[in-house]
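Structure data follow from model22.tsv (TSV, C-alpha atoms):
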chain	number	residue	atom	x	y	z
A	206	MET	CA	-44.34	188.40	8.22
A	207	THR	CA	-41.87	185.61	7.43
A	208	GLU	CA	-42.47	182.68	5.09
A	209	GLU	CA	-42.30	180.38	8.11
A	210	GLN	CA	-45.07	182.35	9.79
A	211	ARG	CA	-47.21	182.31	6.65
A	212	SER	CA	-46.76	178.56	6.46
A	213	GLU	CA	-47.77	178.17	10.09
A	214	LEU	CA	-50.89	180.26	9.52
A	215	ALA	CA	-51.79	178.07	6.53
A	216	ASP	CA	-51.43	175.00	8.74
A	217	ILE	CA	-53.65	176.57	11.40
A	218	ARG	CA	-56.30	177.45	8.80
A	219	ALA	CA	-56.26	173.87	7.54
A	220	ALA	CA	-56.60	172.51	11.07
A	221	LEU	CA	-59.42	174.95	11.78
A	222	GLU	CA	-61.29	173.91	8.65
A	223	GLU	CA	-60.99	170.24	9.55
A	224	HIS	CA	-62.05	170.97	13.14
A	225	MET	CA	-64.96	173.29	12.46
A	226	SER	CA	-66.23	173.64	8.91
A	227	GLU	CA	-68.53	170.61	8.85
A	228	VAL	CA	-69.90	171.23	12.34
A	229	LEU	CA	-70.17	175.02	12.33
A	230	PRO	CA	-69.46	176.29	8.80
A	231	ARG	CA	-70.65	179.82	9.59
A	232	ARG	CA	-68.36	179.94	12.62
A	233	PHE	CA	-65.46	178.80	10.45
A	234	GLU	CA	-66.12	181.64	8.00
A	235	HIS	CA	-66.45	184.06	10.91
A	236	SER	CA	-63.07	182.93	12.23
A	237	LEU	CA	-61.44	183.56	8.86
A	238	ARG	CA	-62.93	187.07	8.76
A	239	VAL	CA	-61.80	187.81	12.30
A	240	ALA	CA	-58.28	186.67	11.43
A	241	GLU	CA	-58.14	188.92	8.37
A	242	THR	CA	-59.61	191.86	10.28
A	243	ALA	CA	-57.22	191.31	13.17
A	244	ARG	CA	-54.26	191.36	10.79
A	245	GLU	CA	-55.47	194.63	9.25
A	246	ILE	CA	-56.03	196.28	12.63
A	247	ALA	CA	-52.66	195.04	13.86
A	248	CYS	CA	-50.94	196.63	10.87
A	249	ALA	CA	-52.77	199.90	11.52
A	250	TYR	CA	-51.49	200.05	15.11
A	251	GLY	CA	-48.06	198.46	14.88
A	252	VAL	CA	-49.07	195.21	16.57
A	253	ASP	CA	-47.60	191.85	15.56
A	254	ALA	CA	-49.65	190.83	12.51
A	255	PHE	CA	-48.76	187.14	12.75
A	256	GLU	CA	-49.91	186.89	16.36
A	257	ALA	CA	-53.08	188.83	15.58
A	258	GLU	CA	-54.02	186.63	12.63
A	259	ALA	CA	-53.22	183.44	14.52
A	260	ALA	CA	-55.35	184.48	17.49
A	261	GLY	CA	-58.18	185.45	15.15
A	262	LEU	CA	-58.12	182.03	13.53
A	263	ILE	CA	-58.34	180.06	16.77
A	264	HIS	CA	-60.38	182.42	18.96
A	265	ASP	CA	-63.59	180.38	18.56
A	266	TRP	CA	-61.95	176.95	18.38
A	267	CYS	CA	-64.00	175.60	21.30
A	268	LYS	CA	-67.32	176.96	20.00
A	269	VAL	CA	-67.94	173.49	18.58
A	270	LEU	CA	-68.33	172.09	22.10
A	271	PRO	CA	-71.77	171.77	23.70
A	272	ALA	CA	-72.43	173.87	26.78
A	273	SER	CA	-72.18	170.91	29.15
A	274	GLU	CA	-68.75	170.00	27.83
A	275	LEU	CA	-67.51	173.58	28.04
A	276	ILE	CA	-68.59	173.79	31.67
A	277	ALA	CA	-67.01	170.42	32.47
A	278	ARG	CA	-63.70	171.43	30.90
A	279	ALA	CA	-63.71	174.82	32.61
A	280	VAL	CA	-64.22	173.13	35.95
A	281	ARG	CA	-61.59	170.48	35.21
A	282	HIS	CA	-59.03	173.14	34.27
A	283	ARG	CA	-60.00	175.18	37.35
A	284	LEU	CA	-60.38	178.26	35.22
A	285	PRO	CA	-60.82	181.59	37.01
A	286	ILE	CA	-64.51	182.16	36.32
A	287	ALA	CA	-66.27	185.07	37.99
A	288	GLY	CA	-69.72	183.91	39.01
A	289	SER	CA	-71.50	180.75	37.89
A	290	PRO	CA	-69.96	178.66	35.06
A	291	THR	CA	-73.48	177.78	33.96
A	292	LEU	CA	-74.48	181.43	33.59
A	293	ALA	CA	-71.14	182.33	32.03
A	294	VAL	CA	-71.13	179.45	29.53
A	295	GLY	CA	-71.26	181.84	26.57
A	296	THR	CA	-67.87	183.23	27.59
A	297	LEU	CA	-66.12	179.95	28.39
A	298	HIS	CA	-64.99	178.93	24.89
A	299	GLY	CA	-62.13	181.42	24.85
A	300	LEU	CA	-60.91	180.49	28.31
A	301	VAL	CA	-61.04	176.77	27.61
A	302	ALA	CA	-59.27	177.18	24.28
A	303	SER	CA	-56.53	179.25	25.87
A	304	VAL	CA	-55.48	176.40	28.14
A	305	GLU	CA	-55.99	173.54	25.69
A	306	LEU	CA	-54.61	174.93	22.44
A	307	PRO	CA	-50.97	175.49	23.47
A	308	GLU	CA	-50.56	171.72	23.20
A	309	ARG	CA	-52.27	171.68	19.80
A	310	PHE	CA	-50.28	174.65	18.47
A	311	PRO	CA	-46.98	174.66	20.42
A	312	GLY	CA	-45.33	177.03	17.96
A	313	LEU	CA	-47.60	179.93	18.93
A	314	PRO	CA	-46.41	182.37	21.61
A	315	ALA	CA	-48.25	182.81	24.92
A	316	PRO	CA	-49.72	186.25	24.04
A	317	VAL	CA	-51.81	184.60	21.32
A	318	PHE	CA	-53.53	182.34	23.84
A	319	GLN	CA	-54.09	185.22	26.25
A	320	ALA	CA	-55.82	187.17	23.48
A	321	VAL	CA	-58.01	184.12	22.81
A	322	ALA	CA	-58.91	183.93	26.50
A	323	ARG	CA	-59.84	187.60	26.64
A	324	HIS	CA	-61.78	188.01	23.41
A	325	THR	CA	-65.16	187.59	25.15
A	326	VAL	CA	-64.85	189.06	28.65
A	327	ALA	CA	-61.78	191.33	28.24
A	328	ALA	CA	-59.67	192.35	31.26
A	329	GLU	CA	-58.51	195.41	33.15
A	330	ASP	CA	-55.00	195.11	31.71
A	331	MET	CA	-55.63	194.42	28.03
A	332	THR	CA	-52.51	194.31	25.87
A	333	ASP	CA	-52.51	195.78	22.40
A	334	LEU	CA	-52.85	192.27	20.95
A	335	ASP	CA	-55.77	191.52	23.27
A	336	MET	CA	-57.50	194.69	22.08
A	337	VAL	CA	-56.86	193.93	18.42
A	338	VAL	CA	-58.52	190.51	18.63
A	339	PHE	CA	-61.41	191.82	20.74
A	340	VAL	CA	-62.09	194.61	18.25
A	341	ALA	CA	-61.70	192.33	15.23
A	342	ASP	CA	-64.31	189.97	16.64
A	343	ALA	CA	-66.68	192.90	17.13
A	344	ILE	CA	-66.33	194.55	13.72
A	345	GLU	CA	-65.45	191.83	11.21
A	346	PRO	CA	-67.33	192.26	7.90
A	347	GLY	CA	-70.00	189.73	8.79
A	348	ARG	CA	-71.19	191.71	11.80
A	349	ARG	CA	-74.45	193.59	11.30
A	350	GLY	CA	-76.14	196.46	13.10
A	351	ASP	CA	-76.24	200.24	13.03
A	352	HIS	CA	-73.46	200.44	15.61
A	353	VAL	CA	-70.88	198.51	13.57
A	354	GLY	CA	-70.16	201.13	10.90
A	355	PRO	CA	-69.15	203.86	13.37
A	356	LEU	CA	-66.92	201.37	15.21
A	357	ARG	CA	-65.20	200.35	11.99
A	358	ALA	CA	-64.67	204.00	11.13
A	359	LEU	CA	-62.70	204.50	14.34
A	360	VAL	CA	-59.94	202.11	13.28
A	361	GLY	CA	-56.91	204.12	12.28
A	362	GLU	CA	-58.58	207.38	13.32
A	363	ALA	CA	-58.69	206.87	17.10
A	364	GLY	CA	-56.18	205.22	19.39
A	365	LEU	CA	-56.43	201.48	19.87
A	366	SER	CA	-57.54	201.84	23.50
A	367	GLU	CA	-60.37	204.12	22.42
A	368	VAL	CA	-61.49	201.71	19.71
A	369	PHE	CA	-61.46	198.89	22.24
A	370	PHE	CA	-63.39	200.95	24.78
A	371	GLN	CA	-66.09	201.83	22.28
A	372	CYS	CA	-66.45	198.18	21.21
A	373	PHE	CA	-66.56	197.02	24.81
A	374	ALA	CA	-69.13	199.66	25.75
A	375	GLN	CA	-71.29	198.73	22.78
A	376	GLY	CA	-71.11	195.11	23.87
A	377	LEU	CA	-72.40	196.05	27.31
A	378	ILE	CA	-75.26	198.00	25.73
A	379	TYR	CA	-76.21	194.95	23.66
A	380	VAL	CA	-76.10	192.64	26.69
A	381	MET	CA	-78.32	194.93	28.73
A	382	GLU	CA	-80.76	195.72	25.94
A	383	THR	CA	-81.29	192.03	25.25
A	384	GLY	CA	-81.54	191.05	28.90
A	385	ARG	CA	-78.56	188.73	28.77
A	386	TYR	CA	-76.25	187.70	31.60
A	387	LEU	CA	-73.73	190.43	32.42
A	388	TYR	CA	-70.38	188.93	33.35
A	389	PRO	CA	-69.47	190.09	36.89
A	390	THR	CA	-66.19	191.77	35.90
A	391	ALA	CA	-67.73	193.80	33.08
A	392	LEU	CA	-68.46	196.95	35.05
A	393	THR	CA	-65.03	196.93	36.71
A	394	ILE	CA	-63.38	196.70	33.30
A	395	TYR	CA	-65.63	199.39	31.88
A	396	ASN	CA	-64.86	201.77	34.77
A	397	ARG	CA	-61.13	201.15	34.47
A	398	TYR	CA	-61.07	202.25	30.82
A	399	ALA	CA	-63.68	204.98	31.27
A	400	LEU	CA	-61.55	206.58	34.00
A	401	ALA	CA	-58.42	206.21	31.87
A	402	ARG	CA	-60.19	208.06	29.04
A	403	LYS	CA	-61.24	210.81	31.44
A	404	SER	CA	-57.69	211.17	32.73
A	405	ALA	CA	-56.45	211.43	29.16
A	406	GLY	CA	-59.02	214.11	28.36
A	407	ALA	CA	-61.11	211.98	26.01

Exercise: express the given structure as structure tokens:
Amino acid sequence: MTEEQRSELADIRAALEEHMSEVLPRRFEHSLRVAETAREIACAYGVDAFEAEAAGLIHDWCKVLPASELIARAVRHRLPIAGSPTLAVGTLHGLVASVELPERFPGLPAPVFQAVARHTVAAEDMTDLDMVVFVADAIEPGRRGDHVGPLRALVGEAGLSEVFFQCFAQGLIYVMETGRYLYPTALTIYNRYALARKSAGA
């Protein structure tokens, strides 16, 4: 990572702290942990560490917004939302941030904002960077639960796609066990990666 990139990350951290720490201090600390975890995972799999850390820092930028504002912005930006924006409100912060933050952080490349958009609902064509940020959000040190340890242990031992699949599958289990809204594309994404694993002999 270059000195210029380190300086940019420091600027992003400062902006994040100003934006979030007084409103959602725990979310600010979570974002810092996700950024650090994303950088570590990126290094383990040969993914751009700067992009991973930057995406980790800003992935929850719009979590400070109330649900009504998130829905209004999603509608205003005509975001591609599967199903009802009201039901999907818990997934909207990444999508909204991905279209609003390029103006706030013009020095960041487009893949960073795509990873931010996909860190909640994923996609059928996840890039390595997308997977890194998704996994980092799922296993950062502040996450609790019996499932987290085995997922963390996979990093560096299994391929990145497998680590992502296991995190995504665990997320689906959690959603169903707690009776939460299942985003309409979730099963399609799950089947796409499950079939890929089967084809690869996993």

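Atom pair atom CA of Glu274 of chain A / atom CA of Met336 of chain A has a distance of 27.7 Å (rounded to one decimal).
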
Task: Pick from A:Arg211, A:His282, A:His264, A:Lys403 nearest to Phe339 of chain A, counting all atoms listed in the file - done: A:His264

Determine the axis-aligned bounding box of all atoms of segment 229-232 of chain A present in the file, pad each side by 4 Å, and express its centre and edge lengths in Å to one decimal place as AutoDock Vina command-line options.
--center_x -69.5 --center_y 177.5 --center_z 10.7 --size_x 10.3 --size_y 12.9 --size_z 11.8

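Between atom CA of Ser236 of chain A and atom CA of Ala260 of chain A the interatomic distance comes to 9.5 Å.
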
Open item on the list: Quick check, in Å to one decimal: how far apart do atom CA of Leu237 of chain A and atom CA of Gly261 of chain A lie?
Closed with: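 Interatomic distance, atom CA of Leu237 of chain A to atom CA of Gly261 of chain A: 7.3 Å.
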
TODO: Using all atoms listed in the file, find the one residue out of A:Leu229, A:Ala302, A:Ala220, A:Ala240 that sits nearest to Val269 of chain A.
DONE: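 That would be A:Leu229, the residue with the smallest distance to Val269 of chain A.
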
Open item on the list: I'd like to know which of A:Leu334, A:Leu270, A:Val280, A:Leu400 is closest to Ala322 of chain A, using all atoms listed in the file.
Closed with: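 Closest candidate: A:Leu334.
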
Task: Minimum-distance residue to Phe233 of chain A, chosen among A:Ala277, A:Ile394, A:Leu262, A:Ala247 (using only C-alpha atoms) - done: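 Going through A:Ala277, A:Ile394, A:Leu262, A:Ala247 one by one, the smallest distance to Phe233 of chain A is for A:Leu262.
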
Open item on the list: At a cut-off of 8 Å, using only C-alpha atoms, what residues contact Ala287 of chain A? Leave out same-chain residues fewer than 4 positions from it and give the result as number ranges by chain.
Closed with: A: 388-390

Task: Within 10 Å of Ala399 of chain A using all atoms listed in the file, minus same-chain residues under 4 positions, as a count of residues only - done: 11

Open item on the list: Set the distance at 8 Å and use all atoms listed in the file: which residues neighbour Leu300 of chain A once local chain neighbours fewer than 2 positions away are removed? I'd like the list as a list in words.
Closed with: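 Surrounding residues, per the criterion: Ala279, Leu284, Thr296, Leu297, His298, Ala302, Ser303, Val304, Val321, Ala322 and Arg323 of chain A.
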
Task: Shortest interatomic distance to Asp333 of chain A - which of A:Leu356, A:Leu221, A:Ala249, A:Leu377, counting all atoms listed in the file - done: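 Nearest candidate to Asp333 of chain A out of A:Leu356, A:Leu221, A:Ala249, A:Leu377: A:Ala249.
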
Task: Counting all atoms listed in the file, the option among A:Arg218, A:Arg238, A:Arg348, A:Gly361 closest to Tyr250 of chain A - done: A:Gly361

TODO: Please check which residues have atoms at most 10 Å from (-47.7, 186.9, 13.8) in the file's coordinates, counting all atoms listed in the file, and write them as a list in words.
DONE: Met206, Thr207, Gln210, Arg211, Glu213, Leu214, Arg244, Ala247, Val252, Asp253, Ala254, Phe255, Glu256, Ala257, Glu258, Ala259, Ala260, Leu313, Pro314 and Val317 of chain A

Open item on the list: as a VMD selection string, please: the residues near segment 340-343 of chain A (cut-off 8 Å, only C-alpha atoms, same-chain neighbours under 3 positions excluded).
Closed with: chain A and resid 239 to 240 242 to 243 246 261 324 336 to 337 348 353 368 to 369 372

- [ ] For Arg385 of chain A, please output as a count of residues only all residues within 12 Å (counting all atoms listed in the file; exclusion window: fewer than 3 positions along the same chain).
- [x] 12

Missing atoms in segment 264-276 of chain A: can you complete it with N, CA, C and O atoms, as a compact mmCIF listing (two decimals), in the frame of the given file?
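The result, written out as result.txt:
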# COMPACT_ATOMS: atom_id res chain seq x y z
N HIS A 264 -59.68 181.84 17.82
CA HIS A 264 -60.38 182.42 18.96
C HIS A 264 -61.68 181.69 19.31
O HIS A 264 -62.08 181.65 20.47
N ASP A 265 -62.33 181.09 18.32
CA ASP A 265 -63.59 180.38 18.56
C ASP A 265 -63.44 178.87 18.43
O ASP A 265 -64.42 178.16 18.20
N TRP A 266 -62.24 178.37 18.58
CA TRP A 266 -61.95 176.95 18.38
C TRP A 266 -62.91 176.06 19.18
O TRP A 266 -63.41 175.05 18.70
N CYS A 267 -63.17 176.44 20.42
CA CYS A 267 -64.00 175.60 21.30
C CYS A 267 -65.49 175.89 21.19
O CYS A 267 -66.29 175.34 21.96
N LYS A 268 -65.89 176.71 20.23
CA LYS A 268 -67.32 176.96 20.00
C LYS A 268 -68.05 175.70 19.53
O LYS A 268 -69.28 175.63 19.60
N VAL A 269 -67.31 174.72 19.04
CA VAL A 269 -67.94 173.49 18.58
C VAL A 269 -68.43 172.63 19.74
O VAL A 269 -69.20 171.69 19.53
N LEU A 270 -67.98 172.92 20.95
CA LEU A 270 -68.33 172.09 22.10
C LEU A 270 -69.72 172.45 22.64
O LEU A 270 -70.08 173.62 22.71
N PRO A 271 -70.49 171.47 23.05
CA PRO A 271 -71.77 171.77 23.70
C PRO A 271 -71.54 172.42 25.05
O PRO A 271 -70.46 172.31 25.64
N ALA A 272 -72.56 173.11 25.54
CA ALA A 272 -72.43 173.87 26.78
C ALA A 272 -71.98 172.99 27.94
O ALA A 272 -71.12 173.38 28.73
N SER A 273 -72.53 171.80 28.04
CA SER A 273 -72.18 170.91 29.15
C SER A 273 -70.70 170.54 29.14
O SER A 273 -70.05 170.46 30.19
N GLU A 274 -70.16 170.34 27.95
CA GLU A 274 -68.75 170.00 27.83
C GLU A 274 -67.86 171.20 28.15
O GLU A 274 -66.81 171.05 28.79
N LEU A 275 -68.27 172.38 27.71
CA LEU A 275 -67.51 173.58 28.04
C LEU A 275 -67.44 173.78 29.54
O LEU A 275 -66.36 174.08 30.10
N ILE A 276 -68.56 173.62 30.21
CA ILE A 276 -68.59 173.79 31.67
C ILE A 276 -67.71 172.74 32.33
O ILE A 276 -66.92 173.05 33.24
